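Asker: My structure is stored as start19.cif, with mmCIF, C-alpha atoms.
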```cif
data_start
loop_
_atom_site.group_PDB
_atom_site.id
_atom_site.type_symbol
_atom_site.label_atom_id
_atom_site.label_comp_id
_atom_site.auth_asym_id
_atom_site.auth_seq_id
_atom_site.Cartn_x
_atom_site.Cartn_y
_atom_site.Cartn_z
ATOM 1 C CA MET G 1 -3.038 -31.355 -3.434
ATOM 2 C CA ALA G 2 -4.315 -28.003 -4.629
ATOM 3 C CA PRO G 3 -2.413 -25.045 -3.212
ATOM 4 C CA ARG G 4 -4.228 -23.385 -0.345
ATOM 5 C CA ILE G 5 -4.377 -19.595 -0.409
ATOM 6 C CA GLY G 6 -5.249 -17.450 2.602
ATOM 7 C CA VAL G 7 -7.128 -14.262 1.707
ATOM 8 C CA VAL G 8 -6.703 -11.705 4.477
ATOM 9 C CA LEU G 9 -9.867 -9.907 5.528
ATOM 10 C CA PHE G 10 -9.583 -6.541 7.268
ATOM 11 C CA PRO G 11 -12.641 -4.564 8.317
ATOM 12 C CA GLY G 12 -13.377 -2.674 5.104
ATOM 13 C CA THR G 13 -11.781 -5.129 2.679
ATOM 14 C CA ASN G 14 -14.199 -5.689 -0.214
ATOM 15 C CA CYS G 15 -12.457 -7.766 -2.891
ATOM 16 C CA GLU G 16 -11.935 -10.924 -0.833
ATOM 17 C CA HIS G 17 -14.675 -13.006 -2.483
ATOM 18 C CA ASP G 18 -13.556 -11.972 -5.960
ATOM 19 C CA ALA G 19 -10.081 -13.242 -5.087
ATOM 20 C CA ILE G 20 -11.391 -16.505 -3.624
ATOM 21 C CA GLN G 21 -13.621 -17.150 -6.635
ATOM 22 C CA ALA G 22 -10.784 -16.461 -9.080
ATOM 23 C CA ILE G 23 -8.418 -18.779 -7.197
ATOM 24 C CA GLU G 24 -10.984 -21.574 -6.950
ATOM 25 C CA ARG G 25 -11.878 -21.254 -10.611
ATOM 26 C CA LEU G 26 -8.220 -22.006 -11.375
ATOM 27 C CA GLY G 27 -8.198 -25.109 -9.199
ATOM 28 C CA GLY G 28 -6.745 -23.652 -6.000
ATOM 29 C CA THR G 29 -8.422 -23.625 -2.646
ATOM 30 C CA ALA G 30 -8.863 -20.375 -0.771
ATOM 31 C CA ASP G 31 -10.389 -19.180 2.433
ATOM 32 C CA LEU G 32 -10.621 -16.056 4.500
ATOM 33 C CA VAL G 33 -8.087 -15.155 7.181
ATOM 34 C CA TRP G 34 -9.500 -12.642 9.658
ATOM 35 C CA HIS G 35 -7.250 -9.671 10.425
ATOM 36 C CA GLY G 36 -7.114 -10.764 14.071
ATOM 37 C CA ALA G 37 -5.541 -14.094 13.120
ATOM 38 C CA THR G 38 -2.147 -14.886 14.618
ATOM 39 C CA SER G 39 -1.242 -17.886 12.478
ATOM 40 C CA ALA G 40 -0.989 -18.685 8.785
ATOM 41 C CA VAL G 41 -0.170 -22.354 9.298
ATOM 42 C CA GLY G 42 -1.345 -24.505 6.413
ATOM 43 C CA TYR G 43 -1.340 -21.795 3.771
ATOM 44 C CA ASP G 44 0.891 -21.931 0.709
ATOM 45 C CA ALA G 45 0.399 -18.248 -0.111
ATOM 46 C CA LEU G 46 -1.376 -15.185 1.259
ATOM 47 C CA ILE G 47 -3.306 -12.536 -0.647
ATOM 48 C CA LEU G 48 -4.073 -9.108 0.810
ATOM 49 C CA PRO G 49 -7.019 -8.110 -1.381
ATOM 50 C CA GLY G 50 -8.435 -4.745 -2.341
ATOM 51 C CA GLY G 51 -10.854 -2.546 -0.485
ATOM 52 C CA PHE G 52 -10.634 0.080 2.215
ATOM 53 C CA ALA G 53 -9.040 -1.604 5.229
ATOM 54 C CA HIS G 54 -10.065 0.208 8.415
ATOM 55 C CA GLY G 55 -11.855 2.736 6.219
ATOM 56 C CA ASP G 56 -8.554 3.944 4.753
ATOM 57 C CA TYR G 57 -8.568 6.377 7.677
ATOM 58 C CA LEU G 58 -5.411 8.469 8.036
ATOM 59 C CA ARG G 59 -3.842 6.913 4.892
ATOM 60 C CA PRO G 60 -4.641 3.700 3.029
ATOM 61 C CA GLY G 61 -3.004 0.889 4.972
ATOM 62 C CA ALA G 62 -1.838 3.095 7.847
ATOM 63 C CA ILE G 63 -4.108 1.455 10.429
ATOM 64 C CA ALA G 64 -4.188 -1.986 8.820
ATOM 65 C CA ARG G 65 -0.460 -2.219 9.409
ATOM 66 C CA PHE G 66 -1.232 -2.578 13.129
ATOM 67 C CA SER G 67 -3.764 -5.395 12.712
ATOM 68 C CA PRO G 68 -2.573 -8.528 14.560
ATOM 69 C CA VAL G 69 -2.459 -10.534 11.318
ATOM 70 C CA MET G 70 0.317 -8.313 9.975
ATOM 71 C CA ASP G 71 2.899 -9.888 12.293
ATOM 72 C CA THR G 72 1.854 -13.231 10.831
ATOM 73 C CA VAL G 73 2.040 -11.868 7.284
ATOM 74 C CA ALA G 74 5.540 -10.502 7.987
ATOM 75 C CA GLU G 75 6.733 -13.835 9.438
ATOM 76 C CA PHE G 76 5.245 -15.704 6.478
ATOM 77 C CA ALA G 77 6.958 -13.308 4.069
ATOM 78 C CA HIS G 78 10.302 -13.462 5.860
ATOM 79 C CA SER G 79 10.235 -17.254 5.723
ATOM 80 C CA GLY G 80 9.829 -17.047 1.954
ATOM 81 C CA GLY G 81 6.074 -17.577 1.695
ATOM 82 C CA PRO G 82 4.428 -15.920 -1.315
ATOM 83 C CA VAL G 83 2.476 -12.783 -0.333
ATOM 84 C CA ILE G 84 0.517 -10.779 -2.883
ATOM 85 C CA GLY G 85 -0.976 -7.358 -2.154
ATOM 86 C CA ILE G 86 -3.606 -6.216 -4.622
ATOM 87 C CA CYS G 87 -4.606 -2.524 -4.670
ATOM 88 C CA ASN G 88 -5.372 -1.738 -1.006
ATOM 89 C CA GLY G 89 -3.303 -4.809 -0.138
ATOM 90 C CA PHE G 90 -0.335 -3.217 -1.935
ATOM 91 C CA GLN G 91 -0.879 -0.052 0.096
ATOM 92 C CA VAL G 92 -0.945 -2.116 3.312
ATOM 93 C CA LEU G 93 2.314 -3.889 2.387
ATOM 94 C CA THR G 94 4.115 -0.584 1.758
ATOM 95 C CA GLU G 95 2.829 0.882 5.033
ATOM 96 C CA ALA G 96 3.991 -2.275 6.802
ATOM 97 C CA GLY G 97 7.456 -1.888 5.306
ATOM 98 C CA LEU G 98 7.255 -5.241 3.496
ATOM 99 C CA LEU G 99 7.551 -3.403 0.179
ATOM 100 C CA PRO G 100 9.387 -0.127 -0.524
ATOM 101 C CA GLY G 101 7.812 3.154 -1.568
ATOM 102 C CA ALA G 102 4.329 4.557 -1.058
ATOM 103 C CA LEU G 103 1.098 5.050 -2.974
ATOM 104 C CA GLN G 104 -0.016 8.649 -3.153
ATOM 105 C CA LYS G 105 -3.074 10.277 -4.693
ATOM 106 C CA ASN G 106 -3.417 9.881 -8.445
ATOM 107 C CA ARG G 107 -2.027 12.633 -10.607
ATOM 108 C CA GLY G 108 -5.056 14.731 -11.501
ATOM 109 C CA LEU G 109 -6.853 13.786 -8.269
ATOM 110 C CA ARG G 110 -9.294 11.460 -10.005
ATOM 111 C CA PHE G 111 -10.540 8.120 -8.804
ATOM 112 C CA LEU G 112 -9.680 5.792 -11.682
ATOM 113 C CA CYS G 113 -11.815 2.808 -12.663
ATOM 114 C CA THR G 114 -10.655 1.593 -16.045
ATOM 115 C CA THR G 115 -8.842 -1.208 -17.812
ATOM 116 C CA THR G 116 -5.105 -0.724 -18.189
ATOM 117 C CA THR G 117 -2.545 -2.555 -20.269
ATOM 118 C CA LEU G 118 0.371 -3.859 -18.254
ATOM 119 C CA ARG G 119 3.761 -5.124 -19.345
ATOM 120 C CA VAL G 120 5.372 -7.963 -17.408
ATOM 121 C CA GLU G 121 8.913 -6.848 -16.530
ATOM 122 C CA CYS G 122 10.322 -9.939 -14.803
ATOM 123 C CA SER G 123 9.581 -13.645 -14.800
ATOM 124 C CA ASP G 124 10.896 -14.716 -11.431
ATOM 125 C CA THR G 125 8.543 -13.315 -8.811
ATOM 126 C CA ALA G 126 5.745 -15.017 -6.893
ATOM 127 C CA LEU G 127 3.205 -13.442 -9.262
ATOM 128 C CA THR G 128 5.033 -13.685 -12.587
ATOM 129 C CA ALA G 129 6.985 -16.959 -12.353
ATOM 130 C CA GLY G 130 7.286 -18.374 -15.837
ATOM 131 C CA VAL G 131 5.473 -15.458 -17.508
ATOM 132 C CA PRO G 132 7.641 -14.151 -20.391
ATOM 133 C CA VAL G 133 9.006 -10.613 -20.026
ATOM 134 C CA GLY G 134 7.139 -8.330 -22.368
ATOM 135 C CA THR G 135 3.811 -10.125 -21.999
ATOM 136 C CA GLU G 136 1.020 -7.533 -22.190
ATOM 137 C CA LEU G 137 -2.039 -7.967 -19.998
ATOM 138 C CA ALA G 138 -5.351 -6.068 -19.928
ATOM 139 C CA ILE G 139 -6.249 -5.750 -16.246
ATOM 140 C CA PRO G 140 -8.500 -3.201 -14.510
ATOM 141 C CA ILE G 141 -7.497 -0.645 -11.918
ATOM 142 C CA ASN G 142 -9.861 0.853 -9.357
ATOM 143 C CA HIS G 143 -8.152 3.320 -7.063
ATOM 144 C CA PHE G 144 -7.621 6.883 -5.869
ATOM 145 C CA GLU G 145 -4.219 6.384 -4.261
ATOM 146 C CA GLY G 146 -2.321 4.376 -6.852
ATOM 147 C CA ASN G 147 0.415 6.818 -7.786
ATOM 148 C CA TYR G 148 3.517 4.866 -6.813
ATOM 149 C CA THR G 149 6.428 6.899 -5.536
ATOM 150 C CA CYS G 150 9.749 6.314 -3.841
ATOM 151 C CA ASP G 151 12.993 8.224 -3.421
ATOM 152 C CA ALA G 152 15.620 8.261 -6.171
ATOM 153 C CA SER G 153 17.934 5.743 -4.490
ATOM 154 C CA THR G 154 15.085 3.285 -3.941
ATOM 155 C CA LEU G 155 14.042 3.641 -7.577
ATOM 156 C CA ALA G 156 17.614 3.010 -8.713
ATOM 157 C CA GLN G 157 17.754 -0.058 -6.481
ATOM 158 C CA LEU G 158 14.431 -1.393 -7.819
ATOM 159 C CA ARG G 159 15.702 -0.988 -11.385
ATOM 160 C CA ASP G 160 19.143 -2.473 -10.693
ATOM 161 C CA GLU G 161 17.697 -5.480 -8.913
ATOM 162 C CA GLY G 162 14.935 -6.015 -11.468
ATOM 163 C CA ARG G 163 12.218 -5.547 -8.872
ATOM 164 C CA ILE G 164 9.778 -3.597 -11.012
ATOM 165 C CA VAL G 165 7.348 -6.430 -11.738
ATOM 166 C CA LEU G 166 4.721 -4.688 -13.872
ATOM 167 C CA ARG G 167 4.595 -1.384 -15.741
ATOM 168 C CA TYR G 168 1.670 0.479 -17.262
ATOM 169 C CA ILE G 169 1.910 0.873 -21.022
ATOM 170 C CA ASP G 170 -0.070 4.115 -20.754
ATOM 171 C CA ASN G 171 0.522 5.521 -17.261
ATOM 172 C CA PRO G 172 -2.922 6.340 -15.825
ATOM 173 C CA ASN G 173 -2.060 7.745 -12.410
ATOM 174 C CA GLY G 174 1.357 9.420 -12.460
ATOM 175 C CA SER G 175 3.288 6.499 -10.957
ATOM 176 C CA ILE G 176 7.025 7.031 -11.076
ATOM 177 C CA ASP G 177 8.648 5.099 -13.957
ATOM 178 C CA ASP G 178 5.159 3.770 -14.951
ATOM 179 C CA ILE G 179 5.318 1.324 -12.046
ATOM 180 C CA ALA G 180 2.199 -0.811 -11.529
ATOM 181 C CA GLY G 181 3.794 -3.433 -9.294
ATOM 182 C CA VAL G 182 7.009 -4.125 -7.376
ATOM 183 C CA CYS G 183 8.471 -6.958 -5.339
ATOM 184 C CA ASN G 184 10.744 -7.330 -2.318
ATOM 185 C CA ALA G 185 14.366 -8.448 -2.496
ATOM 186 C CA GLY G 186 13.302 -12.060 -1.985
ATOM 187 C CA ARG G 187 10.836 -11.756 -4.903
ATOM 188 C CA ASN G 188 8.186 -13.593 -2.853
ATOM 189 C CA VAL G 189 6.280 -10.450 -1.827
ATOM 190 C CA VAL G 190 4.598 -8.641 -4.711
ATOM 191 C CA GLY G 191 2.300 -5.625 -4.629
ATOM 192 C CA LEU G 192 0.320 -4.289 -7.559
ATOM 193 C CA MET G 193 -2.443 -1.749 -7.998
ATOM 194 C CA PRO G 194 -4.325 -3.552 -10.830
ATOM 195 C CA HIS G 195 -6.834 -6.278 -9.955
ATOM 196 C CA PRO G 196 -6.004 -9.612 -11.653
ATOM 197 C CA GLU G 197 -9.008 -11.250 -9.981
ATOM 198 C CA ARG G 198 -11.267 -8.854 -11.888
ATOM 199 C CA ALA G 199 -9.853 -10.128 -15.158
ATOM 200 C CA SER G 200 -10.284 -13.815 -14.494
ATOM 201 C CA ASP G 201 -13.383 -14.768 -16.479
ATOM 202 C CA PRO G 202 -14.587 -14.034 -20.032
ATOM 203 C CA LEU G 203 -17.723 -12.521 -18.491
ATOM 204 C CA LEU G 204 -15.530 -9.816 -16.915
ATOM 205 C CA GLY G 205 -14.186 -8.678 -20.266
ATOM 206 C CA SER G 206 -10.671 -10.024 -19.832
ATOM 207 C CA GLU G 207 -9.069 -13.233 -18.683
ATOM 208 C CA ASP G 208 -5.566 -11.801 -18.635
ATOM 209 C CA GLY G 209 -5.414 -11.792 -14.836
ATOM 210 C CA VAL G 210 -5.422 -15.579 -15.009
ATOM 211 C CA VAL G 211 -1.839 -15.429 -16.279
ATOM 212 C CA LEU G 212 -0.745 -13.863 -12.976
ATOM 213 C CA LEU G 213 -2.991 -15.940 -10.720
ATOM 214 C CA ARG G 214 -1.818 -19.177 -12.352
ATOM 215 C CA ALA G 215 1.760 -18.064 -11.758
ATOM 216 C CA LEU G 216 0.886 -17.483 -8.089
ATOM 217 C CA LEU G 217 -0.660 -20.955 -7.841
ATOM 218 C CA ARG G 218 2.467 -22.467 -9.409
ATOM 219 C CA THR G 219 4.628 -20.585 -6.904
ATOM 220 C CA ALA G 220 2.373 -21.603 -4.019
ATOM 221 C CA ASP G 221 2.451 -25.211 -5.164
ATOM 222 C CA ALA G 222 6.245 -25.176 -5.124
ATOM 223 C CA ALA G 223 6.555 -23.294 -1.836
ATOM 224 C CA THR G 224 7.031 -25.116 1.410
ATOM 225 C CA PRO G 225 4.205 -24.111 3.711
ATOM 226 C CA ALA G 226 5.560 -21.503 6.081
ATOM 227 C CA ALA G 227 4.799 -21.286 9.755
ATOM 228 C CA MET J 1 7.042 6.165 39.070
ATOM 229 C CA ALA J 2 7.499 9.866 38.416
ATOM 230 C CA ALA J 3 4.374 11.957 38.612
ATOM 231 C CA SER J 4 3.121 12.603 35.098
ATOM 232 C CA ARG J 5 1.926 15.889 33.731
ATOM 233 C CA GLN J 6 -0.521 16.597 30.926
ATOM 234 C CA PHE J 7 0.660 18.081 27.650
ATOM 235 C CA SER J 8 -1.172 19.272 24.579
ATOM 236 C CA VAL J 9 0.333 18.112 21.315
ATOM 237 C CA GLN J 10 -0.108 19.387 17.811
ATOM 238 C CA VAL J 11 1.299 17.471 14.855
ATOM 239 C CA GLU J 12 1.335 18.969 11.395
ATOM 240 C CA VAL J 13 1.906 16.605 8.466
ATOM 241 C CA LEU J 14 2.907 17.890 5.039
ATOM 242 C CA LEU J 15 4.117 16.187 1.890
ATOM 243 C CA ARG J 16 7.882 16.278 1.562
ATOM 244 C CA ASP J 17 9.494 18.769 -0.758
ATOM 245 C CA GLY J 18 9.722 17.211 -4.186
ATOM 246 C CA ILE J 19 6.613 15.047 -3.712
ATOM 247 C CA ALA J 20 3.845 16.276 -5.980
ATOM 248 C CA ASP J 21 1.060 17.966 -4.026
ATOM 249 C CA PRO J 22 -1.860 17.999 -6.494
ATOM 250 C CA GLN J 23 -4.237 19.178 -3.774
ATOM 251 C CA GLY J 24 -2.124 22.216 -2.957
ATOM 252 C CA ALA J 25 -1.647 22.966 -6.649
ATOM 253 C CA THR J 26 -5.392 22.728 -7.283
ATOM 254 C CA ILE J 27 -6.145 25.112 -4.408
ATOM 255 C CA GLU J 28 -3.545 27.522 -5.734
ATOM 256 C CA ARG J 29 -5.076 27.464 -9.199
ATOM 257 C CA ALA J 30 -8.476 28.361 -7.724
ATOM 258 C CA LEU J 31 -7.252 31.497 -5.970
ATOM 259 C CA PRO J 32 -7.205 33.865 -8.944
ATOM 260 C CA ALA J 33 -10.998 33.438 -8.996
ATOM 261 C CA LEU J 34 -10.991 35.300 -5.658
ATOM 262 C CA GLY J 35 -9.024 38.081 -7.254
ATOM 263 C CA LEU J 36 -5.881 37.027 -5.407
ATOM 264 C CA ASP J 37 -2.936 36.629 -7.732
ATOM 265 C CA GLY J 38 -0.119 36.873 -5.188
ATOM 266 C CA VAL J 39 -0.616 33.591 -3.326
ATOM 267 C CA THR J 40 2.059 31.009 -4.124
ATOM 268 C CA ALA J 41 3.567 27.832 -2.692
ATOM 269 C CA VAL J 42 0.255 26.470 -1.384
ATOM 270 C CA ARG J 43 0.679 23.126 0.347
ATOM 271 C CA ALA J 44 -2.099 20.951 1.712
ATOM 272 C CA GLY J 45 -1.548 18.800 4.775
ATOM 273 C CA LYS J 46 -3.114 17.390 7.899
ATOM 274 C CA SER J 47 -3.231 18.623 11.456
ATOM 275 C CA PHE J 48 -3.630 16.407 14.533
ATOM 276 C CA ARG J 49 -4.125 17.391 18.160
ATOM 277 C CA PHE J 50 -4.049 15.176 21.207
ATOM 278 C CA ASP J 51 -3.367 15.195 24.933
ATOM 279 C CA LEU J 52 -0.475 13.261 26.386
ATOM 280 C CA ALA J 53 0.668 12.344 29.900
ATOM 281 C CA ALA J 54 4.437 12.485 30.293
ATOM 282 C CA ALA J 55 7.106 13.023 32.935
ATOM 283 C CA ASP J 56 8.276 16.309 31.461
ATOM 284 C CA GLU J 57 8.309 18.279 28.249
ATOM 285 C CA SER J 58 11.200 16.423 26.637
ATOM 286 C CA ASP J 59 9.537 13.077 27.423
ATOM 287 C CA ALA J 60 6.300 14.416 25.923
ATOM 288 C CA LEU J 61 8.130 15.522 22.796
ATOM 289 C CA ALA J 62 9.824 12.124 22.482
ATOM 290 C CA GLN J 63 6.514 10.263 22.791
ATOM 291 C CA ALA J 64 4.705 12.610 20.432
ATOM 292 C CA THR J 65 7.494 12.208 17.875
ATOM 293 C CA VAL J 66 7.014 8.441 17.954
ATOM 294 C CA VAL J 67 3.298 8.943 17.274
ATOM 295 C CA ALA J 68 4.087 11.321 14.416
ATOM 296 C CA ASP J 69 6.830 9.233 12.801
ATOM 297 C CA ARG J 70 5.330 5.764 13.261
ATOM 298 C CA LEU J 71 1.674 6.488 12.584
ATOM 299 C CA LEU J 72 0.559 9.979 11.608
ATOM 300 C CA ALA J 73 3.069 10.523 8.796
ATOM 301 C CA ASN J 74 4.452 8.145 6.198
ATOM 302 C CA PRO J 75 8.122 9.147 6.096
ATOM 303 C CA VAL J 76 8.428 8.002 2.477
ATOM 304 C CA ILE J 77 6.261 10.876 1.296
ATOM 305 C CA GLU J 78 5.495 13.055 4.318
ATOM 306 C CA GLU J 79 7.258 15.020 7.014
ATOM 307 C CA SER J 80 5.856 16.028 10.362
ATOM 308 C CA GLN J 81 6.318 18.884 12.766
ATOM 309 C CA VAL J 82 5.537 18.278 16.423
ATOM 310 C CA THR J 83 4.653 21.012 18.889
ATOM 311 C CA VAL J 84 4.265 20.235 22.606
ATOM 312 C CA ARG J 85 3.052 22.595 25.311
ATOM 313 C CA PRO J 86 1.847 22.096 28.887
ATOM 314 C CA ALA J 87 -1.915 21.539 29.024
ATOM 315 C CA GLY J 88 -3.710 24.821 29.558
ATOM 316 C CA ALA J 89 -0.751 26.929 28.407
ATOM 317 C CA PRO J 90 -1.620 29.542 25.824
ATOM 318 C CA VAL J 91 -1.122 28.444 22.204
#
```
Could you render the structure as structure tokens?

Answerer:
Amino acid sequence: MAPRIGVVLFPGTNCEHDAIQAIERLGGTADLVWHGATSAVGYDALILPGGFAHGDYLRPGAIARFSPVMDTVAEFAHSGGPVIGICNGFQVLTEAGLLPGALQKNRGLRFLCTTTTLRVECSDTALTAGVPVGTELAIPINHFEGNYTCDASTLAQLRDEGRIVLRYIDNPNGSIDDIAGVCNAGRNVVGLMPHPERASDPLLGSEDGVVLLRALLRTADAATPAA
Amino acid sequence: MAASRQFSVQVEVLLRDGIADPQGATIERALPALGLDGVTAVRAGKSFRFDLAAADESDALAQATVVADRLLANPVIEESQVTVRPAGAPV
């Protein structure tokens, strides 16, 4: 049976249909999970898509962290379920404490909407399973707060444990150590600023995001549905 | 239950030392245009004010600190300063 992906919808999320379309194009099934939901039963993976959850008021993700669905997302993650945060979803996961660090305003204070080249740094996370280290992917970014930062000990830990999942080849936003994506200790929760779903069809200029989304579907297929 | 009193709270949130503050730096770079060359160490932050019912001032400070640490500031990149005073007291 095709893996079933829940795409979490907060008020202000705006990339949910892009994510659903990309997943379905690759043979998965996907549907929306409202931010008030209190169960993720039946899903093999969850995606927190991009947008401006709760208007990005206060800080991106700061209010979304308190949405009822986040307890469900945390339970799903703690039970080993694959959880992917894309752009605003990454910001939400850091605010929720499911991923370390924070996303601050881009160096240069510019909103960036451009295609970046990413390097895959590990092959054993929910989003990069089976993707060779060193694979380069052209995937767009679209953000103002994408400048990843964390304290020195956290950075050392991320490096030592191989938890930097993706790096920018040409750092666009000032992120520490060129970080574009990181994962949790369990490697089942991954956050990234670039949008793989926007690079999932030749019409969009790049299909490189398919490499990551296929990896997610493989992971979801192998995962035991979490409660 | 103890009678509660009203307090006025101010929370100031600034980026931690060592975290780049491009907004503050940009403001600082604009100041020479005003003919002011002596302004340094500009930092941009946020200010929040709210009213709070609490048993006493230390209870008010404890509650306000929870608001500051758990919601208003992200401790990874920001630090907060909480000021509590009885409602109606001069600032």

Asker: Given the choices G:Ala215, G:Leu46, G:Ala96, G:Ile20, which gets closest to chain J if the distance is worked out from all atoms listed in the file?

Answerer: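 Of the candidates, the smallest distance to chain J is held by G:Ala96.
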
Asker: Once you count only C-alpha atoms, which residues of chain G turn out to be within 7 Å of chain J? Could you give them as a PyMOL selection string?

Answerer: chain G and resi 62+101-102+107-109+150

Asker: Quick one: residues within 8 Å of G:Arg187, all atoms listed in the file, excluding same-chain residues fewer than 4 positions away - as a PyMOL selection string?

Answerer: chain G and resi 124-126+163+183

Asker: Counting all atoms listed in the file, which residues come within 8 Å of (-2.2, -2.5, -8.9), with the point read in the file's coordinates, and could you list them as a list of chain:residue names?

Answerer: G:Ile86, G:Cys87, G:Phe90, G:Ile141, G:Gly146, G:Ala180, G:Gly181, G:Gly191, G:Leu192, G:Met193, G:Pro194, G:His195

Asker: Can you tell me which residues surround stretch 72-79 of chain G at a distance of at most 9 Å, considering only C-alpha atoms, apart from same-chain residues fewer than 3 positions away, and format the answer as a count of residues only?

Answerer: 18

Asker: List as JSON, numbers by chain the protein and nucleic acid residues near J:Ala60, meaning an atom at most 8 Å away when only C-alpha atoms are counted, but skip any in the same chain fewer than 5 places from it.

Answerer: {"J": [7, 52, 53, 54, 55, 84]}

Asker: Select all residues near (8.7, 13.2, 26.9) (cut-off 12 Å, inclusive, file coordinates), counting all atoms listed in the file, and output them as a list of chain:residue names.

Answerer: J:Ser4, J:Arg5, J:Gln6, J:Phe7, J:Ser8, J:Val9, J:Leu52, J:Ala53, J:Ala54, J:Ala55, J:Asp56, J:Glu57, J:Ser58, J:Asp59, J:Ala60, J:Leu61, J:Ala62, J:Gln63, J:Ala64, J:Thr65, J:Val66, J:Val67, J:Thr83, J:Val84, J:Arg85, J:Pro86

Asker: Give me the result of the PyMOL selection byres ((chain J and resi 80) around 8) on this file, residue by residue, as a list in words.

Answerer: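 Expected selection for the PyMOL selection byres ((chain J and resi 80) around 8) here is Val11, Glu12, Val13, Leu14, Ala68, Asp69, Ala73, Glu78, Glu79, Gln81 and Val82 of chain J.
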
Asker: With C-alpha atoms retained, export the selected residues as a JSON list (two decimals), in the coordinates of the input.

Answerer:
```json
[["chain", "number", "residue", "atom", "x", "y", "z"],
["J", 11, "VAL", "CA", 1.30, 17.47, 14.86],
["J", 12, "GLU", "CA", 1.34, 18.97, 11.40],
["J", 13, "VAL", "CA", 1.91, 16.60, 8.47],
["J", 14, "LEU", "CA", 2.91, 17.89, 5.04],
["J", 68, "ALA", "CA", 4.09, 11.32, 14.42],
["J", 69, "ASP", "CA", 6.83, 9.23, 12.80],
["J", 73, "ALA", "CA", 3.07, 10.52, 8.80],
["J", 78, "GLU", "CA", 5.50, 13.06, 4.32],
["J", 79, "GLU", "CA", 7.26, 15.02, 7.01],
["J", 81, "GLN", "CA", 6.32, 18.88, 12.77],
["J", 82, "VAL", "CA", 5.54, 18.28, 16.42]]
```

Asker: Applied to the shown file, which residues does the PyMOL selection byres ((chain G and resi 130-139) around 7) return, written as a PyMOL selection string?

Answerer: chain G and resi 115-124+128-129+140-141+194-196+199+206+208-209+215

Asker: Using all atoms listed in the file, can you tell me which of G:Val41, G:Leu127, G:Leu213, G:Leu203 comes closest to G:Leu166?

Answerer: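 Between G:Val41, G:Leu127, G:Leu213, G:Leu203, the residue approaching G:Leu166 most closely is G:Leu127.
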
Asker: Pick from G:Ile176, G:Val165, G:Leu9, G:Leu216: nearest to G:Val33, with all atoms listed in the file counted?

Answerer: G:Leu9

Asker: Could you give me, as a list of chain:residue names, the residues within 10 Å of G:His17, counting only C-alpha atoms and dropping anything in the same chain fewer than 3 positions from it?

Answerer: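 Contacts, with the query itself left out: G:Val7, G:Leu9, G:Thr13, G:Asn14, G:Ile20, G:Gln21, G:Ala22, G:Ile23, G:Ala30, G:Asp31, G:Leu32, G:Pro49, G:Glu197.
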
Asker: Write the residues of the preceding selection, restricted to C-alpha atoms, as a short mmCIF file (atom, residue, chain, number, x, y, z; two decimals), keeping the file's coordinate frame.

Answerer:
```cif
data_model
loop_
_atom_site.label_atom_id
_atom_site.label_comp_id
_atom_site.auth_asym_id
_atom_site.auth_seq_id
_atom_site.Cartn_x
_atom_site.Cartn_y
_atom_site.Cartn_z
CA VAL G 7 -7.13 -14.26 1.71
CA LEU G 9 -9.87 -9.91 5.53
CA THR G 13 -11.78 -5.13 2.68
CA ASN G 14 -14.20 -5.69 -0.21
CA ILE G 20 -11.39 -16.50 -3.62
CA GLN G 21 -13.62 -17.15 -6.64
CA ALA G 22 -10.78 -16.46 -9.08
CA ILE G 23 -8.42 -18.78 -7.20
CA ALA G 30 -8.86 -20.38 -0.77
CA ASP G 31 -10.39 -19.18 2.43
CA LEU G 32 -10.62 -16.06 4.50
CA PRO G 49 -7.02 -8.11 -1.38
CA GLU G 197 -9.01 -11.25 -9.98
#
```

Asker: Rank nothing, just name the residue among G:Gly61, G:Asp18, G:Asp151, G:Gly28 nearest to J:Asp17, using all atoms listed in the file.

Answerer: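 Closest residue, counting all atoms listed in the file: G:Asp151.
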
Asker: Please report the interatomic distance between atom CA of G:Val182 and atom CA of G:Met1 in Å with one decimal.

Answerer: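 Computed distance, atom CA of G:Val182 to atom CA of G:Met1, equals 29.3 Å.
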
Asker: Could you give me stretch 43-49 of chain J completed to N, CA and C atoms, formatted as a PDB file, in the coordinates of the input?

Answerer:
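See part08.pdb below for the written result:
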```pdb
ATOM      1  N   ARG J  43       0.489  24.549   0.060  1.00  0.00           N
ATOM      2  CA  ARG J  43       0.679  23.126   0.347  1.00  0.00           C
ATOM      3  C   ARG J  43      -0.446  22.655   1.253  1.00  0.00           C
ATOM      4  N   ALA J  44      -1.009  21.513   0.923  1.00  0.00           N
ATOM      5  CA  ALA J  44      -2.099  20.951   1.712  1.00  0.00           C
ATOM      6  C   ALA J  44      -1.548  19.853   2.604  1.00  0.00           C
ATOM      7  N   GLY J  45      -2.028  19.820   3.843  1.00  0.00           N
ATOM      8  CA  GLY J  45      -1.548  18.800   4.775  1.00  0.00           C
ATOM      9  C   GLY J  45      -2.621  18.427   5.766  1.00  0.00           C
ATOM     10  N   LYS J  46      -2.184  17.819   6.858  1.00  0.00           N
ATOM     11  CA  LYS J  46      -3.114  17.390   7.899  1.00  0.00           C
ATOM     12  C   LYS J  46      -2.628  17.917   9.237  1.00  0.00           C
ATOM     13  N   SER J  47      -3.577  18.175  10.118  1.00  0.00           N
ATOM     14  CA  SER J  47      -3.231  18.623  11.456  1.00  0.00           C
ATOM     15  C   SER J  47      -3.886  17.702  12.481  1.00  0.00           C
ATOM     16  N   PHE J  48      -3.111  17.300  13.481  1.00  0.00           N
ATOM     17  CA  PHE J  48      -3.630  16.407  14.533  1.00  0.00           C
ATOM     18  C   PHE J  48      -3.372  17.067  15.882  1.00  0.00           C
ATOM     19  N   ARG J  49      -4.321  16.908  16.798  1.00  0.00           N
ATOM     20  CA  ARG J  49      -4.125  17.391  18.160  1.00  0.00           C
ATOM     21  C   ARG J  49      -4.486  16.288  19.134  1.00  0.00           C
TER      22      ARG J  49
END
```
